[in-house]
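S.K.: Take a look at model_26.csv, CSV, C-alpha atoms:
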chain,number,residue,atom,x,y,z
A,1,MET,CA,51.3,17.9,-1.0
A,2,ALA,CA,50.1,17.9,2.6
A,3,ASP,CA,50.8,21.1,4.5
A,4,ALA,CA,50.0,22.3,7.9
A,5,ALA,CA,46.5,23.6,6.9
A,6,THR,CA,45.4,20.2,5.4
A,7,PRO,CA,43.5,18.3,8.1
A,8,ARG,CA,45.2,15.0,8.8
A,9,SER,CA,43.3,11.9,8.3
A,10,THR,CA,42.9,10.4,11.7
A,11,ARG,CA,41.6,7.2,13.2
A,12,ARG,CA,38.6,9.3,14.3
A,13,THR,CA,37.7,10.6,10.8
A,14,PHE,CA,38.2,7.1,9.4
A,15,LEU,CA,35.8,5.6,11.9
A,16,GLY,CA,33.4,8.5,11.3
A,17,TRP,CA,33.3,7.9,7.6
A,18,GLY,CA,33.1,4.1,8.2
A,19,MET,CA,30.1,4.5,10.4
A,20,ALA,CA,28.5,7.0,7.9
A,21,ILE,CA,28.9,4.4,5.1
A,22,ILE,CA,27.5,1.6,7.2
A,23,ILE,CA,24.5,3.6,8.4
A,24,THR,CA,23.8,4.9,4.9
A,25,SER,CA,24.0,1.4,3.3
A,26,LEU,CA,21.8,0.0,6.0
A,27,THR,CA,19.2,2.8,5.5
A,28,VAL,CA,19.3,2.3,1.7
A,29,SER,CA,19.0,-1.5,1.9
A,30,GLY,CA,16.0,-0.9,4.2
A,31,ILE,CA,14.3,1.7,2.0
A,32,LEU,CA,15.1,0.3,-1.4
A,33,PRO,CA,13.0,-2.9,-1.2
A,34,ILE,CA,10.1,-0.8,0.1
A,35,LEU,CA,10.2,1.5,-2.9
A,36,VAL,CA,10.4,-1.5,-5.2
A,37,PHE,CA,7.4,-3.1,-3.4
A,38,LEU,CA,5.5,0.2,-3.8
A,39,TRP,CA,6.0,0.2,-7.6
A,40,PRO,CA,2.7,-0.9,-9.1
A,41,PRO,CA,2.9,-4.4,-10.7
A,42,PRO,CA,1.0,-5.0,-14.0
A,43,PRO,CA,-2.5,-6.2,-13.1
A,44,LYS,CA,-2.9,-10.0,-13.5
A,45,GLY,CA,-4.6,-11.0,-16.8
A,46,GLN,CA,-3.8,-7.7,-18.5
A,47,THR,CA,-3.5,-8.5,-22.3
A,48,LYS,CA,-3.1,-6.4,-25.4
A,49,GLY,CA,-5.1,-7.4,-28.5
A,50,PRO,CA,-7.9,-6.4,-30.8
A,51,LEU,CA,-11.3,-6.0,-29.2
A,52,THR,CA,-14.3,-7.1,-31.3
A,53,ILE,CA,-17.0,-4.5,-31.2
A,54,ALA,CA,-20.6,-4.9,-32.5
A,55,LEU,CA,-21.9,-1.6,-34.0
A,56,ASP,CA,-25.5,-0.4,-33.7
A,57,THR,CA,-25.4,0.7,-37.4
A,58,PRO,CA,-23.4,-1.3,-39.9
A,59,ILE,CA,-20.7,0.7,-41.6
A,60,ASP,CA,-22.2,0.2,-45.1
A,61,GLN,CA,-25.4,1.8,-43.9
A,62,LEU,CA,-23.8,5.0,-42.6
A,63,SER,CA,-24.6,8.0,-44.8
A,64,ASP,CA,-22.1,10.7,-45.4
A,65,GLY,CA,-21.5,12.8,-42.2
A,66,GLN,CA,-23.1,10.2,-40.0
A,67,ALA,CA,-21.4,8.7,-37.0
A,68,VAL,CA,-22.1,5.7,-34.6
A,69,LYS,CA,-20.9,5.5,-31.0
A,70,PHE,CA,-19.5,2.4,-29.5
A,71,THR,CA,-18.0,1.6,-26.0
A,72,ALA,CA,-15.3,-0.7,-24.8
A,73,PRO,CA,-16.6,-4.1,-23.5
A,74,ALA,CA,-17.2,-4.0,-19.7
A,75,SER,CA,-16.7,-7.8,-19.1
A,76,PRO,CA,-13.9,-8.3,-19.1
A,77,ASN,CA,-13.1,-4.7,-18.5
A,78,SER,CA,-11.3,-3.3,-21.6
A,79,ALA,CA,-10.2,-0.1,-23.1
A,80,PHE,CA,-9.0,1.0,-26.6
A,81,ILE,CA,-5.5,2.2,-27.3
A,82,MET,CA,-5.2,5.6,-29.1
A,83,ALA,CA,-3.1,5.5,-32.3
A,84,ASP,CA,-2.2,9.2,-32.1
A,85,GLY,CA,-3.2,12.3,-30.2
A,86,GLY,CA,-2.4,15.8,-29.1
A,87,GLY,CA,-3.1,17.9,-26.0
A,88,ASP,CA,-4.5,15.7,-23.2
A,89,ASN,CA,-4.3,12.7,-25.5
A,90,ALA,CA,-1.2,10.8,-26.6
A,91,PRO,CA,-0.4,7.7,-28.6
A,92,GLY,CA,-0.9,4.7,-26.3
A,93,ASP,CA,-3.4,6.5,-24.0
A,94,LEU,CA,-6.6,4.5,-23.2
A,95,ALA,CA,-10.1,5.3,-24.3
A,96,PHE,CA,-13.3,3.7,-23.1
A,97,GLY,CA,-15.3,4.6,-26.2
A,98,GLY,CA,-15.2,5.9,-29.7
A,99,PHE,CA,-17.1,6.8,-32.9
A,100,VAL,CA,-17.2,5.2,-36.3
A,101,VAL,CA,-17.5,8.2,-38.7
A,102,MET,CA,-18.4,8.2,-42.4
A,103,ASN,CA,-16.9,11.3,-43.9
A,104,GLN,CA,-16.9,12.0,-47.6
A,105,GLY,CA,-16.9,8.2,-48.4
A,106,LYS,CA,-14.1,7.5,-46.0
A,107,VAL,CA,-14.5,5.6,-42.7
A,108,GLN,CA,-12.7,6.8,-39.7
A,109,VAL,CA,-12.6,5.5,-36.1
A,110,LEU,CA,-12.1,8.2,-33.4
A,111,ALA,CA,-11.6,8.0,-29.7
A,112,ILE,CA,-14.2,9.6,-27.5
A,113,ASN,CA,-11.8,11.6,-25.3
A,114,CYS,CA,-11.7,15.4,-25.8
A,115,SER,CA,-8.2,16.6,-26.5
A,116,HIS,CA,-8.6,19.4,-24.0
A,117,LEU,CA,-8.9,17.6,-20.7
A,118,GLY,CA,-10.3,14.2,-21.6
A,119,CYS,CA,-14.1,14.4,-21.2
A,120,SER,CA,-16.2,12.2,-23.4
A,121,VAL,CA,-17.4,14.2,-26.4
A,122,ALA,CA,-21.1,13.8,-27.5
A,123,LEU,CA,-22.3,13.4,-31.1
A,124,ASN,CA,-24.3,16.4,-32.3
A,125,GLU,CA,-26.3,14.9,-35.1
A,126,GLY,CA,-27.9,18.1,-36.2
A,127,ALA,CA,-24.7,20.1,-36.5
A,128,LYS,CA,-22.7,17.0,-37.5
A,129,SER,CA,-20.1,17.7,-34.9
A,130,PHE,CA,-18.7,16.3,-31.6
A,131,ASP,CA,-19.4,18.6,-28.7
A,132,CYS,CA,-17.6,18.4,-25.4
A,133,PRO,CA,-19.9,18.9,-22.4
A,134,CYS,CA,-17.1,20.0,-20.1
A,135,HIS,CA,-15.7,23.2,-21.6
A,136,GLY,CA,-17.6,23.6,-24.8
A,137,SER,CA,-14.9,22.4,-27.3
A,138,ARG,CA,-16.4,21.4,-30.7
A,139,PHE,CA,-14.9,19.1,-33.3
A,140,HIS,CA,-15.8,18.5,-36.9
A,141,ILE,CA,-17.1,15.0,-37.7
A,142,ASP,CA,-13.6,14.2,-39.1
A,143,GLY,CA,-12.1,15.1,-35.6
A,144,THR,CA,-10.6,18.4,-36.4
A,145,VAL,CA,-11.2,21.4,-34.1
A,146,LEU,CA,-14.1,23.7,-34.8
A,147,ARG,CA,-13.9,25.7,-31.5
A,148,GLY,CA,-11.6,25.8,-28.5
A,149,PRO,CA,-10.5,25.4,-25.8
A,150,ALA,CA,-9.3,22.2,-27.4
A,151,ALA,CA,-6.3,22.8,-29.6
A,152,TYR,CA,-5.8,19.4,-31.1
A,153,PRO,CA,-8.0,17.0,-33.1
A,154,LEU,CA,-9.5,13.9,-31.7
A,155,SER,CA,-7.3,10.8,-31.5
A,156,HIS,CA,-7.7,7.9,-34.0
A,157,LEU,CA,-8.1,4.3,-33.0
A,158,THR,CA,-6.4,1.5,-35.0
A,159,TRP,CA,-9.1,-0.8,-36.4
A,160,LYS,CA,-10.0,-3.2,-39.1
A,161,GLN,CA,-13.3,-4.6,-40.5
A,162,GLY,CA,-14.7,-7.6,-38.6
A,163,GLN,CA,-16.6,-10.6,-40.0
A,164,ASP,CA,-19.3,-8.3,-41.4
A,165,ALA,CA,-20.2,-4.7,-41.8
A,166,SER,CA,-21.6,-4.4,-38.3
A,167,THR,CA,-18.5,-5.6,-36.4
A,168,ILE,CA,-15.0,-3.9,-36.2
A,169,GLU,CA,-11.8,-5.0,-34.5
A,170,VAL,CA,-10.2,-2.2,-32.5
A,171,ASP,CA,-6.8,-2.2,-30.9
A,172,GLY,CA,-7.2,-2.4,-27.2
A,173,LEU,CA,-6.3,-3.8,-23.8
A,174,THR,CA,-8.1,-6.1,-21.4
A,175,LEU,CA,-7.4,-4.4,-18.1
A,176,GLY,CA,-7.4,-7.4,-15.8
A,177,PHE,CA,-9.6,-5.8,-13.1
B,1,MET,CA,29.5,35.6,-0.9
B,2,ALA,CA,31.3,33.0,1.2
B,3,ILE,CA,29.8,29.5,1.2
B,4,PRO,CA,28.9,28.6,4.8
B,5,HIS,CA,30.5,25.5,6.2
B,6,PRO,CA,27.9,22.7,6.5
B,7,ARG,CA,28.3,22.7,10.3
B,8,GLU,CA,27.3,26.4,10.4
B,9,VAL,CA,24.2,25.7,8.4
B,10,GLN,CA,23.4,22.8,10.8
B,11,MET,CA,23.9,24.9,13.9
B,12,ALA,CA,21.8,27.7,12.5
B,13,VAL,CA,18.9,25.3,11.8
B,14,VAL,CA,19.2,23.6,15.3
B,15,GLN,CA,19.4,27.0,16.9
B,16,TRP,CA,16.3,28.2,15.1
B,17,LEU,CA,14.4,25.1,16.1
B,18,ASP,CA,15.7,25.3,19.8
B,19,GLU,CA,14.5,28.9,20.1
B,20,ARG,CA,10.9,27.6,19.4
B,21,TYR,CA,11.0,24.4,21.3
B,22,PRO,CA,13.8,22.8,23.4
B,23,PHE,CA,14.4,20.0,21.0
B,24,THR,CA,18.0,19.4,21.9
B,25,LYS,CA,17.2,19.1,25.6
B,26,ALA,CA,14.3,16.8,24.9
B,27,ILE,CA,16.4,14.5,22.6
B,28,ASN,CA,19.3,14.5,25.0
B,29,GLU,CA,17.0,13.5,27.9
B,30,ALA,CA,15.5,10.7,25.7
B,31,MET,CA,18.7,9.4,24.2
B,32,TYR,CA,21.5,9.8,26.7
B,33,GLN,CA,20.8,7.5,29.6
B,34,ARG,CA,23.5,5.6,31.5
B,35,VAL,CA,23.2,1.9,31.2
B,36,PRO,CA,24.3,0.1,34.5
B,37,ASN,CA,27.0,-2.5,34.1
B,38,PHE,CA,24.7,-5.4,35.1
B,39,ALA,CA,22.4,-4.5,32.2
B,40,ASN,CA,25.3,-4.8,29.7
B,41,ALA,CA,24.3,-8.4,28.8
B,42,PHE,CA,22.7,-9.9,25.7
B,43,TYR,CA,19.6,-11.0,27.5
B,44,TYR,CA,18.9,-7.4,28.5
B,45,CYS,CA,18.5,-6.7,24.7
B,46,PHE,CA,15.4,-8.9,24.3
B,47,GLY,CA,13.0,-6.1,25.1
B,48,GLY,CA,14.6,-3.8,22.6
B,49,MET,CA,14.5,-6.6,20.0
B,50,VAL,CA,10.8,-7.0,20.6
B,51,PHE,CA,10.4,-3.2,20.0
B,52,VAL,CA,12.4,-3.4,16.7
B,53,LEU,CA,10.3,-6.4,15.6
B,54,ILE,CA,7.0,-4.6,16.4
B,55,VAL,CA,8.2,-1.6,14.3
B,56,LEU,CA,9.1,-4.0,11.5
B,57,GLN,CA,5.6,-5.5,11.8
B,58,LEU,CA,4.0,-2.1,11.6
B,59,VAL,CA,6.1,-1.1,8.5
B,60,THR,CA,5.6,-4.3,6.6
B,61,GLY,CA,1.9,-4.5,7.7
B,62,ILE,CA,1.2,-1.0,6.3
B,63,LEU,CA,3.0,-2.1,3.0
B,64,LEU,CA,0.9,-5.3,2.8
B,65,ALA,CA,-2.3,-3.2,3.4
B,66,ILE,CA,-1.6,-1.4,0.1
B,67,TYR,CA,-2.4,-4.5,-1.9
B,68,TYR,CA,-4.5,-6.7,0.4
B,69,VAL,CA,-8.3,-6.7,-0.2
B,70,PRO,CA,-10.3,-7.7,3.0
B,71,ASP,CA,-13.2,-9.2,1.0
B,72,ALA,CA,-14.1,-12.8,1.6
B,73,ARG,CA,-17.1,-12.9,-0.7
B,74,GLY,CA,-17.1,-15.1,-3.8
B,75,ASN,CA,-14.9,-18.1,-4.7
B,76,PRO,CA,-12.0,-17.5,-5.0
B,77,ALA,CA,-12.4,-14.5,-2.7
B,78,ALA,CA,-10.6,-11.3,-3.3
B,79,ALA,CA,-8.9,-11.7,0.1
B,80,TYR,CA,-7.3,-14.9,-1.1
B,81,THR,CA,-6.4,-13.8,-4.6
B,82,SER,CA,-4.9,-10.5,-3.3
B,83,VAL,CA,-2.6,-12.5,-1.1
B,84,LEU,CA,-1.6,-14.7,-4.1
B,85,PHE,CA,-1.1,-11.4,-6.0
B,86,ILE,CA,1.2,-10.0,-3.3
B,87,GLN,CA,3.1,-13.3,-3.2
B,88,ASN,CA,3.5,-13.8,-7.0
B,89,SER,CA,3.1,-10.5,-8.8
B,90,VAL,CA,4.0,-7.6,-6.6
B,91,TYR,CA,7.6,-6.7,-6.8
B,92,LEU,CA,9.4,-8.1,-3.7
B,93,GLY,CA,5.9,-9.0,-2.4
B,94,TRP,CA,7.2,-12.4,-1.3
B,95,LEU,CA,9.9,-10.6,0.7
B,96,ILE,CA,7.6,-8.1,2.5
B,97,ARG,CA,5.0,-10.8,3.2
B,98,GLY,CA,7.8,-13.2,4.3
B,99,VAL,CA,9.2,-10.6,6.7
B,100,HIS,CA,5.8,-9.9,8.1
B,101,PHE,CA,5.1,-13.7,8.5
B,102,TRP,CA,8.5,-14.6,10.1
B,103,GLY,CA,8.6,-11.4,12.1
B,104,ALA,CA,5.3,-12.4,13.7
B,105,ASN,CA,6.7,-15.8,14.7
B,106,ILE,CA,10.0,-14.5,15.9
B,107,LEU,CA,8.2,-11.7,17.8
B,108,ILE,CA,6.3,-14.2,19.9
B,109,ILE,CA,9.5,-16.0,20.7
B,110,MET,CA,11.3,-12.8,21.6
B,111,VAL,CA,8.3,-11.6,23.8
B,112,LEU,CA,8.6,-14.9,25.7
B,113,LEU,CA,12.4,-14.6,26.1
B,114,HIS,CA,12.0,-11.0,27.3
B,115,MET,CA,9.4,-12.1,29.9
B,116,ALA,CA,11.6,-15.0,30.9
B,117,ARG,CA,14.5,-12.6,31.4
B,118,VAL,CA,12.3,-10.2,33.5
B,119,TYR,CA,11.2,-13.2,35.6
B,120,TRP,CA,14.7,-14.6,35.9
B,121,THR,CA,16.2,-11.2,37.1
B,122,GLY,CA,13.1,-10.5,39.3
B,123,SER,CA,12.5,-7.3,37.5
B,124,TYR,CA,8.8,-7.5,38.1
B,125,ARG,CA,9.2,-6.8,41.9
B,126,ALA,CA,8.0,-3.6,43.6
B,127,PRO,CA,7.7,-0.9,42.5
B,128,ARG,CA,7.6,-2.3,39.0
B,129,GLU,CA,4.4,-4.5,39.2
B,130,LEU,CA,2.4,-2.2,37.0
B,131,ASN,CA,4.9,-2.5,34.2
B,132,TRP,CA,4.7,-6.3,34.4
B,133,MET,CA,0.9,-6.1,34.1
B,134,VAL,CA,1.2,-3.8,31.1
B,135,GLY,CA,3.6,-6.3,29.6
B,136,VAL,CA,1.3,-9.2,30.2
B,137,ILE,CA,-1.5,-7.3,28.5
B,138,MET,CA,0.9,-6.7,25.6
B,139,LEU,CA,1.7,-10.4,25.5
B,140,LEU,CA,-2.0,-11.1,25.1
B,141,LEU,CA,-2.3,-8.4,22.4
B,142,VAL,CA,0.6,-9.9,20.5
B,143,LEU,CA,-1.1,-13.3,20.6
B,144,VAL,CA,-4.4,-11.9,19.5
B,145,LEU,CA,-2.6,-10.1,16.7
B,146,ALA,CA,-1.0,-13.3,15.5
B,147,LEU,CA,-4.4,-15.1,15.7
B,148,SER,CA,-6.3,-12.4,13.8
B,149,GLY,CA,-3.6,-12.1,11.2
B,150,TYR,CA,-3.7,-15.9,10.6
B,151,LEU,CA,-7.2,-15.6,9.1
B,152,LEU,CA,-6.4,-12.8,6.6
B,153,PRO,CA,-5.0,-15.0,3.8
B,154,TRP,CA,-8.4,-16.7,3.7
B,155,ASP,CA,-7.1,-20.1,2.6
B,156,THR,CA,-8.3,-23.4,3.8
B,157,LYS,CA,-5.8,-23.6,6.7
B,158,ALA,CA,-6.7,-20.0,7.8
B,159,TYR,CA,-10.4,-20.7,7.6
B,160,PHE,CA,-10.4,-23.9,9.6
B,161,ALA,CA,-7.9,-22.7,12.1
B,162,THR,CA,-10.1,-19.8,12.9
B,163,GLU,CA,-13.2,-22.0,13.1
B,164,VAL,CA,-11.4,-24.0,15.7
B,165,THR,CA,-10.2,-20.9,17.6
B,166,ILE,CA,-13.7,-19.4,17.6
B,167,LYS,CA,-15.2,-22.7,18.8
B,168,ILE,CA,-12.7,-22.8,21.7
B,169,ALA,CA,-13.5,-19.1,22.6
B,170,GLY,CA,-17.2,-20.0,22.2
B,171,SER,CA,-16.9,-22.9,24.7
B,172,ALA,CA,-16.2,-20.4,27.6
B,173,PRO,CA,-18.6,-20.9,30.5
B,174,PRO,CA,-21.4,-20.0,31.2
B,175,ALA,CA,-23.0,-21.1,28.0
B,176,PHE,CA,-24.7,-17.8,27.2
B,177,LEU,CA,-21.3,-16.0,27.5
B,178,GLY,CA,-19.6,-18.4,25.2
B,179,ALA,CA,-22.4,-18.1,22.7
B,180,PHE,CA,-22.1,-14.3,22.9
B,181,ILE,CA,-18.3,-14.3,22.4
B,182,LYS,CA,-18.8,-16.7,19.4
B,183,GLN,CA,-21.4,-14.4,17.9
B,184,VAL,CA,-19.3,-11.3,18.3
B,185,LEU,CA,-16.1,-12.9,16.9
B,186,GLN,CA,-17.8,-14.6,14.0
B,187,GLY,CA,-20.2,-11.8,13.1
B,188,GLY,CA,-22.8,-14.4,12.0
B,189,PRO,CA,-23.8,-18.0,12.1
B,190,VAL,CA,-20.7,-19.3,10.4
B,191,VAL,CA,-17.1,-18.2,9.7
B,192,GLY,CA,-17.7,-16.0,6.7
B,193,PRO,CA,-17.1,-12.5,5.2
B,194,PRO,CA,-18.2,-10.7,8.4
B,195,THR,CA,-15.6,-12.7,10.4
B,196,LEU,CA,-12.9,-11.6,8.0
B,197,GLN,CA,-14.0,-8.0,8.3
B,198,ILE,CA,-14.0,-8.2,12.1
B,199,PHE,CA,-10.5,-9.9,12.2
B,200,PHE,CA,-9.1,-7.5,9.6
B,201,THR,CA,-10.3,-4.4,11.6
B,202,ALA,CA,-8.9,-5.8,14.8
B,203,HIS,CA,-5.6,-6.8,13.2
B,204,VAL,CA,-5.0,-3.6,11.3
B,205,PHE,CA,-6.7,-0.8,13.3
B,206,LEU,CA,-7.6,-1.7,16.8
B,207,LEU,CA,-4.8,-3.9,18.1
B,208,PRO,CA,-1.9,-2.0,16.6
B,209,ALA,CA,-3.2,1.2,18.1
B,210,LEU,CA,-3.6,-0.4,21.5
B,211,ILE,CA,-0.1,-2.0,21.4
B,212,VAL,CA,1.6,1.3,20.4
B,213,LEU,CA,-0.2,3.1,23.2
B,214,LEU,CA,0.9,0.4,25.8
B,215,MET,CA,4.4,0.4,24.4
B,216,TYR,CA,4.6,4.1,25.2
B,217,VAL,CA,3.3,3.5,28.8
B,218,HIS,CA,5.8,0.6,29.1
B,219,PHE,CA,8.7,2.8,28.2
B,220,ARG,CA,7.6,5.7,30.4
B,221,PHE,CA,7.5,3.3,33.3
B,222,ILE,CA,11.0,2.0,32.5
B,223,ARG,CA,12.3,5.6,32.4
B,224,ALA,CA,10.5,6.4,35.7
B,225,HIS,CA,11.9,3.3,37.5
B,226,GLY,CA,15.2,2.8,35.7
B,227,ILE,CA,16.5,-0.7,34.9
B,228,ALA,CA,15.9,-3.1,37.8
B,229,GLU,CA,18.9,-4.5,39.6
B,230,PRO,CA,19.1,-8.3,39.3
B,231,MET,CA,18.3,-10.4,42.3
Output the file's structure as structure tokens, nothing else.
M.R.:
Amino acid sequence: MADAATPRSTRRTFLGWGMAIIITSLTVSGILPILVFLWPPPPKGQTKGPLTIALDTPIDQLSDGQAVKFTAPASPNSAFIMADGGGDNAPGDLAFGGFVVMNQGKVQVLAINCSHLGCSVALNEGAKSFDCPCHGSRFHIDGTVLRGPAAYPLSHLTWKQGQDASTIEVDGLTLGF
Amino acid sequence: MAIPHPREVQMAVVQWLDERYPFTKAINEAMYQRVPNFANAFYYCFGGMVFVLIVLQLVTGILLAIYYVPDARGNPAAAYTSVLFIQNSVYLGWLIRGVHFWGANILIIMVLLHMARVYWTGSYRAPRELNWMVGVIMLLLVLVLALSGYLLPWDTKAYFATEVTIKIAGSAPPAFLGAFIKQVLQGGPVVGPPTLQIFFTAHVFLLPALIVLLMYVHFRFIRAHGIAEPM
């Protein structure tokens, strides 16, 4: 196959490629452990599990269209895990607060994060809506969008009733810092 | 369109750069120096090995600073727990910290071997005395770097070793000078959080900056004088 135009493999090209391989492997073996080291390790003491939350108003005393706000425990520092979500929120994202909502006889637990860019929405008791202070998005008490820029409903949190009507157990994460 | 050969691309880039600053000339002057035959011995490499080790210390030190917390308050203090975290939880943290630790030990050995070689070959003689002096200052800087780094893990060994060191420094005569040195190093009446803060600042900001500056001076002197002929 070799003809006059094909460059012949010489000792020089062999040594050149050999050096290139040695230098490349040395560089890679130097840089690779550094990149591994830079990859953030899981914080010590980070544990998943239900967080027990005491509510200001027991669930059975919530009237229709009423909501009660709660926040994630600060010691140890914890956060809730979203069950679903759209826009800025996604399943598995963390929330530092939420609302227990009584809507047409049904109890819902929503994360506090606006689906637009993640600001904490505020309860508007008069209008029975959640209003975002950042860009003016408004949500119905059941979490659906009343007004943009948010395009997706608020995220739900996975929860179950605690020992009594004023405690709930919400899926969450102890952050470990 | 014909695809240019990689060498054509390379030459175009180099030419573009050289028209703006004579990089090729500068790199050639820096890289291509004749090494005299008498310097072609393993013990003439000790200085270069010191340089490689210092670069290694800078790289691993910067990496450790990503996870290290210089806070000695509380029990256990964040400084101590962050070192445990580097050692046990950070991926390859044991490796990077190990390289920094053993690099520091080997660095001191290599500095001493380099100085022994310079002494043995009489390379400190005129007109190179200034470079010997710069080297001695760098020896002291390396020793102070090792000493200040020893406190940072903030374990019992580090704490009491530093207490002893500060006591020795504080015993310098006359008495008021010793007391002043002790106060400055300790940052308070006992070895405590201010001490760690001072040692951390020295170890991470002040001393590395100084040693890099002096290394530059050292190398400029070597280039100006050339390698000394042995006695």
S.K.: Using all atoms listed in the file and a cut-off of 9 Å, which residues of chain A sit close to chain B? Please list them as a ChimeraX atom specification.
M.R.: /A:33-34,36-44
S.K.: If you measure from CA of Thr27 (chain A) to CA of Leu53 (chain B), what distance in Å do you get, rounded to one decimal?
M.R.: 16.3 Å
S.K.: Neighbourhood query: residues within 12 Å of (-6.0, -12.5, 6.4), file coordinates, counting only C-alpha atoms; return as a PDB file with C-alpha atoms, in the frame of the given file.
M.R.:
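Resulting contents of out-v8.pdb:
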ATOM      1  CA  GLY B  61       1.900  -4.500   7.700  1.00  0.00           C
ATOM      2  CA  LEU B  64       0.900  -5.300   2.800  1.00  0.00           C
ATOM      3  CA  ALA B  65      -2.300  -3.200   3.400  1.00  0.00           C
ATOM      4  CA  TYR B  68      -4.500  -6.700   0.400  1.00  0.00           C
ATOM      5  CA  VAL B  69      -8.300  -6.700  -0.200  1.00  0.00           C
ATOM      6  CA  PRO B  70     -10.300  -7.700   3.000  1.00  0.00           C
ATOM      7  CA  ASP B  71     -13.200  -9.200   1.000  1.00  0.00           C
ATOM      8  CA  ALA B  72     -14.100 -12.800   1.600  1.00  0.00           C
ATOM      9  CA  ALA B  77     -12.400 -14.500  -2.700  1.00  0.00           C
ATOM     10  CA  ALA B  78     -10.600 -11.300  -3.300  1.00  0.00           C
ATOM     11  CA  ALA B  79      -8.900 -11.700   0.100  1.00  0.00           C
ATOM     12  CA  TYR B  80      -7.300 -14.900  -1.100  1.00  0.00           C
ATOM     13  CA  THR B  81      -6.400 -13.800  -4.600  1.00  0.00           C
ATOM     14  CA  SER B  82      -4.900 -10.500  -3.300  1.00  0.00           C
ATOM     15  CA  VAL B  83      -2.600 -12.500  -1.100  1.00  0.00           C
ATOM     16  CA  LEU B  84      -1.600 -14.700  -4.100  1.00  0.00           C
ATOM     17  CA  ARG B  97       5.000 -10.800   3.200  1.00  0.00           C
ATOM     18  CA  PHE B 101       5.100 -13.700   8.500  1.00  0.00           C
ATOM     19  CA  LEU B 145      -2.600 -10.100  16.700  1.00  0.00           C
ATOM     20  CA  ALA B 146      -1.000 -13.300  15.500  1.00  0.00           C
ATOM     21  CA  LEU B 147      -4.400 -15.100  15.700  1.00  0.00           C
ATOM     22  CA  SER B 148      -6.300 -12.400  13.800  1.00  0.00           C
ATOM     23  CA  GLY B 149      -3.600 -12.100  11.200  1.00  0.00           C
ATOM     24  CA  TYR B 150      -3.700 -15.900  10.600  1.00  0.00           C
ATOM     25  CA  LEU B 151      -7.200 -15.600   9.100  1.00  0.00           C
ATOM     26  CA  LEU B 152      -6.400 -12.800   6.600  1.00  0.00           C
ATOM     27  CA  PRO B 153      -5.000 -15.000   3.800  1.00  0.00           C
ATOM     28  CA  TRP B 154      -8.400 -16.700   3.700  1.00  0.00           C
ATOM     29  CA  ASP B 155      -7.100 -20.100   2.600  1.00  0.00           C
ATOM     30  CA  THR B 156      -8.300 -23.400   3.800  1.00  0.00           C
ATOM     31  CA  LYS B 157      -5.800 -23.600   6.700  1.00  0.00           C
ATOM     32  CA  ALA B 158      -6.700 -20.000   7.800  1.00  0.00           C
ATOM     33  CA  TYR B 159     -10.400 -20.700   7.600  1.00  0.00           C
ATOM     34  CA  ALA B 161      -7.900 -22.700  12.100  1.00  0.00           C
ATOM     35  CA  THR B 162     -10.100 -19.800  12.900  1.00  0.00           C
ATOM     36  CA  PRO B 193     -17.100 -12.500   5.200  1.00  0.00           C
ATOM     37  CA  THR B 195     -15.600 -12.700  10.400  1.00  0.00           C
ATOM     38  CA  LEU B 196     -12.900 -11.600   8.000  1.00  0.00           C
ATOM     39  CA  GLN B 197     -14.000  -8.000   8.300  1.00  0.00           C
ATOM     40  CA  ILE B 198     -14.000  -8.200  12.100  1.00  0.00           C
ATOM     41  CA  PHE B 199     -10.500  -9.900  12.200  1.00  0.00           C
ATOM     42  CA  PHE B 200      -9.100  -7.500   9.600  1.00  0.00           C
ATOM     43  CA  THR B 201     -10.300  -4.400  11.600  1.00  0.00           C
ATOM     44  CA  ALA B 202      -8.900  -5.800  14.800  1.00  0.00           C
ATOM     45  CA  HIS B 203      -5.600  -6.800  13.200  1.00  0.00           C
ATOM     46  CA  VAL B 204      -5.000  -3.600  11.300  1.00  0.00           C
TER      47      VAL B 204
END
S.K.: Enter the distance from CA of Tyr119 (chain B) to CA of Leu58 (chain B), in Å, rounded to one decimal.
M.R.: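 It comes out at 27.4 Å.
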S.K.: Record the distance separating CA of Met133 (chain B) and CA of Thr121 (chain B), expressed in Å with one decimal.
M.R.: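 CA of Thr121 (chain B) lies at a distance of 16.4 Å from CA of Met133 (chain B).
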S.K.: Please provide the set of residues having any atom within 6 Å of Met82 (chain A), restricted to all atoms listed in the file, with same-chain residues fewer than 4 positions apart removed, written as a PyMOL selection string.
M.R.: chain A and resi 91-93+156-157
S.K.: Quick one: everything within 10 Å of Leu154 (chain A), counting only C-alpha atoms, minus sequence neighbours fewer than 2 positions away in the same chain. Send it as a list in words.
M.R.: Met82, Asp84, Gly85, Gly86, Gly87, Asn89, Val109, Leu110, Ala111, Ile112, Asn113, Cys114, Ser115, His116, Val121, Phe130, Phe139, His140, Ile141, Asp142, Gly143, Thr144, Val145, Ala150, Ala151, Tyr152, His156 and Leu157 of chain A
S.K.: Under the rule that only C-alpha atoms are counted, which of B:Arg73, B:His218, B:Lys25, B:Arg20 is the nearest residue to Val136 (chain B)?
M.R.: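 Smallest distance to Val136 (chain B) is found for B:His218.
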S.K.: Counting only C-alpha atoms, what is within 12 Å of Lys160 (chain A), bar same-chain residues fewer than 6 positions away, as a PyMOL selection string?
M.R.: chain A and resi 50-53+59+100+107-109+166-171
S.K.: From (-3.9, -0.9, 22.1), in the file's coordinates, out to 12 Å: which residues are reached, counting all atoms listed in the file? Answer as a count of residues only.
M.R.: 26
S.K.: Which residues are close to Ala74 (chain A), i.e. within 12 Å by only C-alpha atoms, leaving aside same-chain residues fewer than 4 positions away? Reply as a list in words.
M.R.: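 Final neighbour list, sorted by chain and number: Leu51, Ile53, Phe70, Ser78, Ala79, Phe80, Phe96, Gly97, Leu173, Thr174, Leu175, Gly176 and Phe177 of chain A.
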